[in-house]
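Okay, final29.txt is below, compact mmCIF, C-alpha atoms:
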```txt
# COMPACT_ATOMS: atom_id res chain seq x y z
CA MET A 1 29.45 8.18 -55.83
CA ILE A 2 29.80 10.68 -58.68
CA ASP A 3 29.82 14.33 -57.72
CA PHE A 4 28.18 16.12 -60.64
CA LYS A 5 29.37 19.50 -59.37
CA GLN A 6 32.82 18.68 -60.71
CA PHE A 7 31.35 18.57 -64.23
CA TRP A 8 30.05 22.15 -64.08
CA THR A 9 33.18 24.15 -63.39
CA LYS A 10 33.70 27.46 -65.15
CA LYS A 11 36.52 25.95 -67.22
CA THR A 12 34.29 23.08 -68.37
CA LEU A 13 31.38 25.32 -69.36
CA VAL A 14 33.60 27.82 -71.20
CA GLY A 15 35.37 24.96 -73.00
CA LEU A 16 32.08 23.39 -74.10
CA GLY A 17 30.62 26.72 -75.22
CA LEU A 18 33.72 27.74 -77.14
CA GLY A 19 33.93 24.31 -78.74
CA GLN A 20 30.37 24.59 -80.05
CA PHE A 21 31.03 28.11 -81.32
CA LEU A 22 33.96 26.73 -83.32
CA SER A 23 31.76 23.87 -84.51
CA LEU A 24 29.17 26.36 -85.81
CA LEU A 25 31.92 28.25 -87.64
CA ILE A 26 33.01 25.02 -89.34
CA THR A 27 29.38 24.34 -90.25
CA SER A 28 29.13 27.77 -91.87
CA THR A 29 32.29 27.11 -93.89
CA GLY A 30 30.76 23.84 -95.09
CA PHE A 31 27.61 25.59 -96.32
CA SER A 32 29.72 28.31 -97.97
CA SER A 33 31.79 25.67 -99.78
CA SER A 34 28.66 23.83 -100.92
CA GLU A 35 27.19 27.09 -102.32
CA LEU A 36 30.43 27.74 -104.21
CA ALA A 37 30.41 24.18 -105.54
CA LYS A 38 26.85 24.65 -106.81
CA LYS A 39 28.06 27.68 -108.76
CA GLY A 40 30.89 25.64 -110.27
CA ILE A 41 33.66 27.27 -108.22
CA ASN A 42 36.25 24.70 -107.12
CA ALA A 43 39.20 26.58 -105.62
CA PRO A 44 39.80 25.35 -102.03
CA THR A 45 43.31 26.81 -101.73
CA SER A 46 42.11 30.22 -102.93
CA GLN A 47 39.38 30.24 -100.28
CA SER A 48 41.93 29.54 -97.54
CA PHE A 49 44.38 32.11 -98.94
CA LEU A 50 42.26 35.09 -97.90
CA ASN A 51 41.99 33.68 -94.36
CA TYR A 52 45.79 33.48 -94.07
CA VAL A 53 46.09 37.05 -95.36
CA LEU A 54 43.64 38.30 -92.70
CA LEU A 55 45.61 36.47 -89.99
CA THR A 56 48.82 38.09 -91.18
CA ILE A 57 47.37 41.62 -91.28
CA VAL A 58 45.54 41.52 -87.92
CA TYR A 59 47.95 39.57 -85.73
CA GLY A 60 51.05 40.74 -87.58
CA SER A 61 50.11 44.34 -86.77
CA VAL A 62 49.76 43.46 -83.08
CA MET A 63 53.11 41.71 -83.14
CA LEU A 64 54.85 44.66 -84.80
CA TYR A 65 53.35 46.98 -82.18
CA ARG A 66 54.69 44.79 -79.37
CA ARG A 67 58.20 44.51 -80.86
CA GLN A 68 58.97 41.36 -78.90
CA ALA A 69 61.56 38.74 -79.72
CA LEU A 70 60.35 35.42 -81.15
CA LYS A 71 59.63 32.73 -78.58
CA ALA A 72 59.86 29.89 -81.13
CA LYS A 73 62.07 29.24 -84.15
CA TRP A 74 60.67 30.71 -87.36
CA TYR A 75 61.10 27.47 -89.33
CA TYR A 76 58.64 25.72 -86.98
CA TYR A 77 55.97 28.03 -88.37
CA VAL A 78 57.02 27.27 -91.96
CA ILE A 79 56.44 23.55 -91.37
CA LEU A 80 53.16 24.23 -89.55
CA GLY A 81 51.95 26.46 -92.40
CA LEU A 82 52.72 23.78 -94.99
CA VAL A 83 50.94 21.07 -92.98
CA ASP A 84 47.88 23.27 -92.38
CA VAL A 85 47.50 24.31 -96.02
CA GLU A 86 47.79 20.76 -97.34
CA ALA A 87 45.39 19.38 -94.70
CA ASN A 88 42.69 21.82 -95.83
CA TYR A 89 43.38 21.04 -99.48
CA LEU A 90 43.30 17.23 -99.15
CA VAL A 91 40.03 17.02 -97.19
CA VAL A 92 38.19 19.41 -99.54
CA LYS A 93 39.61 17.58 -102.56
CA ALA A 94 38.32 14.25 -101.24
CA TYR A 95 34.69 15.34 -101.79
CA GLN A 96 35.29 15.02 -105.53
CA TYR A 97 36.06 11.29 -105.25
CA THR A 98 34.11 9.81 -102.33
CA SER A 99 30.81 10.23 -100.49
CA ILE A 100 30.16 12.78 -97.77
CA THR A 101 29.43 9.99 -95.27
CA SER A 102 32.82 8.43 -95.94
CA VAL A 103 34.49 11.78 -95.38
CA MET A 104 32.57 12.24 -92.11
CA LEU A 105 33.54 8.79 -90.82
CA LEU A 106 37.17 8.79 -91.90
CA ASP A 107 37.70 12.34 -90.66
CA CYS A 108 37.35 10.87 -87.14
CA TRP A 109 40.83 9.42 -87.69
CA SER A 110 42.17 12.78 -86.47
CA ILE A 111 40.93 12.03 -82.91
CA PRO A 112 43.00 8.87 -82.18
CA SER A 113 45.87 10.49 -84.11
CA VAL A 114 45.74 13.54 -81.85
CA MET A 115 45.58 11.40 -78.71
CA LEU A 116 48.58 9.34 -79.85
CA LEU A 117 50.64 12.40 -80.80
CA THR A 118 49.86 14.27 -77.57
CA PHE A 119 50.71 11.14 -75.55
CA ILE A 120 54.07 10.72 -77.32
CA PHE A 121 55.24 14.32 -77.75
CA LEU A 122 53.34 16.36 -75.14
CA LYS A 123 53.30 13.60 -72.49
CA THR A 124 49.55 14.01 -72.04
CA LYS A 125 48.03 11.28 -69.89
CA TYR A 126 44.42 10.25 -70.56
CA ARG A 127 42.38 8.78 -67.73
CA PHE A 128 39.60 6.26 -68.30
CA ARG A 129 36.94 9.02 -68.19
CA LYS A 130 38.62 10.85 -71.09
CA ILE A 131 38.84 7.69 -73.19
CA ALA A 132 35.21 6.86 -72.43
CA GLY A 133 34.16 10.35 -73.58
CA VAL A 134 36.01 9.88 -76.87
CA ILE A 135 34.34 6.50 -77.47
CA VAL A 136 30.86 7.95 -76.86
CA CYS A 137 31.55 10.88 -79.23
CA VAL A 138 32.79 8.63 -82.04
CA ALA A 139 29.83 6.30 -81.49
CA GLY A 140 27.53 9.28 -81.97
CA LEU A 141 29.15 10.14 -85.28
CA VAL A 142 28.91 6.53 -86.47
CA MET A 143 25.15 6.82 -85.86
CA VAL A 144 25.10 9.70 -88.34
CA VAL A 145 26.76 7.49 -90.96
CA PHE A 146 24.29 4.66 -90.35
CA SER A 147 21.47 7.19 -90.61
CA ASP A 148 22.71 8.24 -94.04
CA VAL A 149 22.89 4.60 -95.11
CA HIS A 150 19.45 3.92 -93.64
CA THR A 151 17.85 6.77 -95.56
CA GLY A 152 19.68 5.90 -98.78
CA ASP A 153 21.64 9.15 -98.79
CA ARG A 154 24.95 7.45 -99.47
CA SER A 155 26.56 7.74 -102.90
CA GLY A 156 29.71 5.90 -103.85
CA GLY A 157 31.65 8.69 -105.54
CA SER A 158 33.77 8.51 -108.68
CA ASN A 159 36.83 6.96 -106.98
CA PRO A 160 36.05 5.99 -103.35
CA ARG A 161 39.46 4.46 -102.59
CA LYS A 162 41.33 7.55 -103.71
CA GLY A 163 38.91 9.78 -101.83
CA ASP A 164 39.21 7.72 -98.65
CA LEU A 165 43.02 7.88 -98.80
CA LEU A 166 42.85 11.65 -99.25
CA VAL A 167 40.61 11.99 -96.16
CA ILE A 168 42.88 9.80 -94.02
CA ALA A 169 45.94 11.77 -95.14
CA GLY A 170 44.18 15.08 -94.49
CA ALA A 171 42.93 13.95 -91.06
CA THR A 172 46.48 12.91 -90.11
CA LEU A 173 47.80 16.31 -91.16
CA TYR A 174 45.02 17.98 -89.16
CA ALA A 175 46.15 16.01 -86.11
CA ILE A 176 49.78 17.08 -86.61
CA SER A 177 48.69 20.70 -87.10
CA ASN A 178 46.48 20.74 -83.99
CA VAL A 179 49.09 19.13 -81.74
CA SER A 180 51.77 21.51 -83.05
CA GLU A 181 49.51 24.49 -82.39
CA GLU A 182 48.77 23.21 -78.88
CA PHE A 183 52.50 22.95 -78.16
CA LEU A 184 53.26 26.41 -79.57
CA VAL A 185 50.35 28.18 -77.90
CA LYS A 186 51.36 26.72 -74.51
CA ASN A 187 55.10 27.34 -74.92
CA ALA A 188 55.28 30.38 -77.21
CA ASP A 189 52.60 33.03 -77.83
CA ARG A 190 49.13 33.01 -79.43
CA VAL A 191 49.67 36.25 -81.37
CA GLU A 192 53.04 35.02 -82.64
CA LEU A 193 51.49 31.70 -83.68
CA MET A 194 48.65 33.33 -85.62
CA SER A 195 50.97 35.89 -87.24
CA PHE A 196 53.44 33.40 -88.64
CA LEU A 197 50.85 30.74 -89.46
CA GLY A 198 49.05 33.40 -91.52
CA LEU A 199 52.27 34.65 -93.14
CA PHE A 200 53.70 31.31 -94.21
CA GLY A 201 50.25 29.88 -94.93
CA ALA A 202 49.60 32.77 -97.32
CA ILE A 203 52.97 32.32 -99.04
CA ILE A 204 52.51 28.56 -99.49
CA SER A 205 48.90 29.01 -100.64
CA ALA A 206 49.96 31.64 -103.20
CA ILE A 207 52.57 29.28 -104.64
CA GLN A 208 50.06 26.42 -104.78
CA ILE A 209 47.40 28.62 -106.39
CA SER A 210 49.82 29.73 -109.10
CA ILE A 211 50.56 26.10 -109.92
CA ILE A 212 47.19 24.35 -109.50
CA GLU A 213 44.30 26.83 -109.43
CA ARG A 214 45.40 29.65 -111.72
CA SER A 215 43.17 28.61 -114.61
CA GLU A 216 40.25 27.97 -112.23
CA LEU A 217 40.43 31.51 -110.85
CA LYS A 218 40.49 33.01 -114.34
CA SER A 219 37.31 31.15 -115.30
CA ILE A 220 35.28 32.35 -112.28
CA HIS A 221 32.52 34.82 -113.10
CA TRP A 222 32.43 37.04 -110.01
CA THR A 223 28.94 38.06 -108.96
CA ALA A 224 27.38 38.98 -105.62
CA GLY A 225 26.12 35.41 -105.30
CA ALA A 226 29.65 34.05 -105.75
CA ALA A 227 31.50 36.70 -103.74
CA PHE A 228 29.29 36.49 -100.63
CA PRO A 229 29.94 32.79 -99.81
CA PHE A 230 33.60 33.17 -100.86
CA PHE A 231 34.30 36.02 -98.44
CA GLY A 232 31.93 34.53 -95.86
CA PHE A 233 34.05 31.37 -95.87
CA SER A 234 37.21 33.43 -95.31
CA LEU A 235 35.68 35.42 -92.44
CA ALA A 236 34.40 32.26 -90.71
CA MET A 237 37.82 30.62 -91.09
CA PHE A 238 39.53 33.72 -89.67
CA LEU A 239 37.32 33.60 -86.56
CA PHE A 240 37.86 29.84 -86.31
CA TYR A 241 41.65 30.17 -86.45
CA SER A 242 41.56 33.04 -83.97
CA PHE A 243 39.68 31.11 -81.27
CA VAL A 244 41.22 27.67 -81.80
CA PRO A 245 44.40 28.54 -79.80
CA VAL A 246 42.21 29.64 -76.88
CA LEU A 247 40.50 26.24 -76.71
CA LEU A 248 43.80 24.42 -77.30
CA LYS A 249 45.41 26.19 -74.34
CA MET A 250 42.35 25.63 -72.16
CA SER A 251 41.35 22.04 -72.98
CA GLY A 252 43.80 20.58 -75.53
CA SER A 253 43.61 19.40 -79.13
CA THR A 254 41.56 16.27 -78.36
CA MET A 255 38.74 18.41 -76.94
CA LEU A 256 38.90 20.58 -80.08
CA ASN A 257 38.49 17.62 -82.43
CA LEU A 258 35.68 16.14 -80.35
CA SER A 259 33.84 19.48 -80.34
CA LEU A 260 34.05 19.69 -84.13
CA LEU A 261 32.18 16.39 -84.43
CA THR A 262 28.95 18.27 -83.70
CA SER A 263 29.36 20.37 -86.85
CA ASP A 264 27.48 17.72 -88.83
CA MET A 265 24.65 17.84 -86.29
CA TRP A 266 24.46 21.64 -86.50
CA ALA A 267 24.24 21.22 -90.27
CA VAL A 268 21.22 19.01 -89.73
CA VAL A 269 19.58 21.65 -87.50
CA ILE A 270 20.13 24.27 -90.22
CA ARG A 271 18.66 21.91 -92.82
CA ILE A 272 15.55 21.44 -90.66
CA PHE A 273 14.84 25.07 -89.77
CA ALA A 274 16.33 26.97 -92.72
CA TYR A 275 15.58 24.56 -95.59
CA HIS A 276 12.63 22.69 -93.97
CA GLU A 277 14.13 19.29 -94.80
CA LYS A 278 13.21 16.07 -93.03
CA VAL A 279 16.01 14.07 -91.40
CA ASP A 280 16.22 10.63 -89.84
CA TRP A 281 15.57 10.23 -86.10
CA MET A 282 19.07 8.78 -85.59
CA TYR A 283 20.54 12.25 -86.14
CA PHE A 284 18.98 13.47 -82.90
CA LEU A 285 20.21 10.41 -81.00
CA ALA A 286 23.68 10.98 -82.43
CA PHE A 287 23.63 14.63 -81.36
CA VAL A 288 22.77 13.63 -77.78
CA ALA A 289 25.51 10.98 -77.78
CA VAL A 290 28.17 13.44 -78.92
CA ALA A 291 27.00 16.03 -76.36
CA VAL A 292 27.17 13.46 -73.54
CA GLY A 293 30.61 12.35 -74.72
CA LEU A 294 31.88 15.94 -74.66
CA ILE A 295 30.58 16.45 -71.11
CA ILE A 296 32.21 13.19 -69.97
CA TYR A 297 35.51 14.13 -71.59
CA SER A 298 35.66 17.71 -70.34
CA GLY A 299 34.12 17.06 -66.90
CA GLY A 300 36.15 16.70 -63.74
CA ASP A 301 38.50 19.59 -64.45
CA LYS A 302 37.88 20.93 -60.94
CA GLU A 303 39.19 17.72 -59.41
CA GLU A 304 42.26 17.73 -61.63
CA ASP A 305 42.90 21.42 -60.99
CA GLN A 306 42.73 20.81 -57.24
CA ARG A 307 45.16 17.92 -57.59
CA GLN A 308 47.54 20.08 -59.61
CA THR A 309 47.13 22.89 -57.06
CA GLY A 310 47.93 20.44 -54.27
CA VAL A 311 51.06 19.31 -56.05
CA ALA A 312 52.08 22.93 -56.65
CA ASP A 313 51.46 23.71 -52.94
CA GLU A 314 53.61 20.75 -51.92
CA ASP A 315 56.39 21.95 -54.21
CA ALA A 316 56.08 25.47 -52.83
CA GLU A 317 56.21 24.13 -49.25
CA ARG A 318 59.31 22.08 -50.07
CA SER A 319 60.91 25.14 -51.65
CA LYS A 320 60.03 27.25 -48.60
CA ASN A 321 61.50 24.69 -46.21
CA PHE A 322 64.60 24.45 -48.35
CA ASP A 323 65.02 28.23 -48.34
CA GLU A 324 64.53 28.39 -44.57
CA GLU A 325 67.09 25.63 -44.05
CA ALA A 326 69.51 27.39 -46.36
CA GLY A 327 68.89 30.65 -44.46
CA ARG A 328 69.59 29.00 -41.11
CA ASN A 329 72.78 27.44 -42.44
CA SER A 330 73.84 30.79 -43.86
CA LEU A 331 73.07 32.54 -40.55
CA SER A 332 74.93 29.88 -38.57
CA GLY A 333 77.88 30.13 -40.90
CA GLY A 334 77.86 33.92 -40.60
CA THR A 335 77.78 33.71 -36.76
CA MET A 336 80.69 31.28 -36.73
CA ALA A 337 82.62 33.46 -39.13
CA GLY A 338 81.91 36.51 -36.97
CA SER A 339 83.07 34.69 -33.81
CA SER A 340 86.26 33.56 -35.53
CA LYS A 341 86.85 37.07 -36.78
CA THR A 342 86.30 38.49 -33.24
CA GLU A 343 88.70 35.96 -31.76
CA GLU A 344 91.31 36.78 -34.39
CA THR A 345 90.82 40.50 -33.76
CA SER A 346 91.21 39.99 -30.00
CA LYS A 347 94.34 37.97 -30.54
CA HIS A 348 95.67 40.64 -32.88
CA ASP A 349 94.88 43.41 -30.37
CA SER A 350 96.49 41.44 -27.54
CA THR A 351 99.59 40.80 -29.61
CA SER A 352 99.76 44.46 -30.61
CA SER A 353 99.47 45.72 -27.00
CA THR A 354 102.12 43.23 -25.83
CA GLY A 355 104.44 44.44 -28.57
CA VAL A 356 103.89 48.05 -27.54
CA ARG A 357 104.65 47.23 -23.91
CA GLU A 358 107.85 45.45 -24.95
CA ILE A 359 108.97 48.46 -26.99
CA VAL A 360 108.30 50.88 -24.11
CA SER A 361 110.19 48.71 -21.60
CA ASN A 362 113.09 48.36 -24.02
CA LYS A 363 113.26 52.12 -24.38
CA ASN A 364 113.28 52.57 -20.57
CA ILE A 365 116.10 50.04 -20.20
CA GLY A 366 118.07 51.89 -22.85
CA LYS A 367 117.65 55.19 -20.98
CA ASP A 368 118.84 53.65 -17.69
CA GLU A 369 121.95 52.24 -19.30
CA GLN A 370 122.79 55.63 -20.85
CA GLY A 371 122.35 57.28 -17.40
CA LYS A 372 124.73 54.84 -15.78
CA ARG A 373 127.40 55.45 -18.47
CA SER A 374 127.17 59.13 -18.02
```

Could you spell out this file's structure in structure tokens?
Amino acid sequence: MIDFKQFWTKKTLVGLGLGQFLSLLITSTGFSSSELAKKGINAPTSQSFLNYVLLTIVYGSVMLYRRQALKAKWYYYVILGLVDVEANYLVVKAYQYTSITSVMLLDCWSIPSVMLLTFIFLKTKYRFRKIAGVIVCVAGLVMVVFSDVHTGDRSGGSNPRKGDLLVIAGATLYAISNVSEEFLVKNADRVELMSFLGLFGAIISAIQISIIERSELKSIHWTAGAAFPFFGFSLAMFLFYSFVPVLLKMSGSTMLNLSLLTSDMWAVVIRIFAYHEKVDWMYFLAFVAVAVGLIIYSGGDKEEDQRQTGVADEDAERSKNFDEEAGRNSLSGGTMAGSSKTEETSKHDSTSSTGVREIVSNKNIGKDEQGKRS
């Protein structure tokens, strides 16, 4: 029988809450990007550049204050920065060629990619409950796509094949980036990760902007209406990047990608209450499906933690017994060495006293002989 108490551990609740906070941040970046697109501003790398600069300033200052040695090789962060910048660029670029529903569906490719990469490189083992949670989450997102098709909200795009390839490539790079961040945050340091990801991300973005988006930036007419969503996007991305390592260390990259699936549902909620738009009923069913899938995936952490604690206790007990055995052997060896040393000392003292007695008797014999001669 299922014990539902195992689904409501503190770790599970914090993971779910933090995941939805990150999902809301992604939703806000989507609305910011759409507002910029309406104003004719198409500079995805420039939007990300300010985020990387903020990461460098904030976390770089903390790192300089600490003055600690690097826990990971610097060139790992160069590769991670390149992958992260290009993943953001490819997915945003895909909106110019394919429909939003295609992007939503194909972006799910990051989930099986993350699971495969974590299984191969991080040796993460997924139980049936985890796999079932992933299936339910993806099924919920597929409902969103069918809802768009059902309501006739699907548009083909100017070049769907090219757009779909860009999304798949971007989702694969997202998976590589998330798994790399999970490895670094668990084996290095979160502040170090954010500092160098910001530094090298800013450098790579600046180079890419100078090559691709220089003319686009010159043509932008900066007003309050354009600056607010631009800087709002950067602030939301900064908060997103800051809290992602926390969720990665707590629940892993698969949980992160599953949590972000709800961003499309939060967008629907905003459309209903902020813009008073009507949406199809399948959106609500999809939202429930994704929520249930997240609970299934993240539930049971208490049971796993207890199992890991039991294994750790067994290891500690073995280590304790080993130390006690080693201590007894050392004590026994010391006692034997002490006994041998005592015996040798006794023998030495006995030999010394015998030698003294022989010398004294020899001297007495010598005196007697001298007396007789005289």

Which residue of A:Trp281, A:Phe21, A:Phe31, A:Tyr97 approaches Arg161 in chain A most closely, using all atoms listed in the file: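 Selected residue with least distance to Arg161 in chain A: A:Tyr97.
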
Per-axis box centre and lengths in Å around range 208-221 of chain A, 3 Å margin per side, axis-aligned, as lines of an AutoDock Vina configuration file:
```
center_x = 41.5
center_y = 29.6
center_z = -110.0
size_x = 24.0
size_y = 16.5
size_z = 16.5
```

Using all atoms listed in the file, find each residue of range 44-133 of chain A with at least one atom at most 7 Å away from an atom of range 169-175 of chain A; report its shortest atom-to-atom pair and that distance in Å (one decimal), sort the rows by chain and rising residue number, and return the result as CSV.
```
residue,atom,partner,partner_atom,distance
A:Val83,CA,A:Leu173,CA,6.0
A:Asp84,CA,A:Tyr174,CA,6.8
A:Ala87,CA,A:Gly170,CA,4.5
A:Leu90,CA,A:Gly170,CA,5.2
A:Val91,CA,A:Gly170,CA,5.3
A:Asp107,CA,A:Ala171,CA,5.5
A:Trp109,CA,A:Ala171,CA,6.0
A:Ser110,CA,A:Ala171,CA,4.8
A:Ser113,CA,A:Ala175,CA,5.9
A:Val114,CA,A:Ala175,CA,4.9
```

Residues near Ile135 in chain A, cut-off 10 Å, all atoms listed in the file, skip fewer than 3 positions along chain, as an MDAnalysis selection string: chainID A and resid 129:132 138:140 289:290 293 297

From A:Met250, A:Ala226, A:Ile120, A:Ile26, residue lying nearest Asp264 in chain A [all atoms listed in the file]: A:Ile26
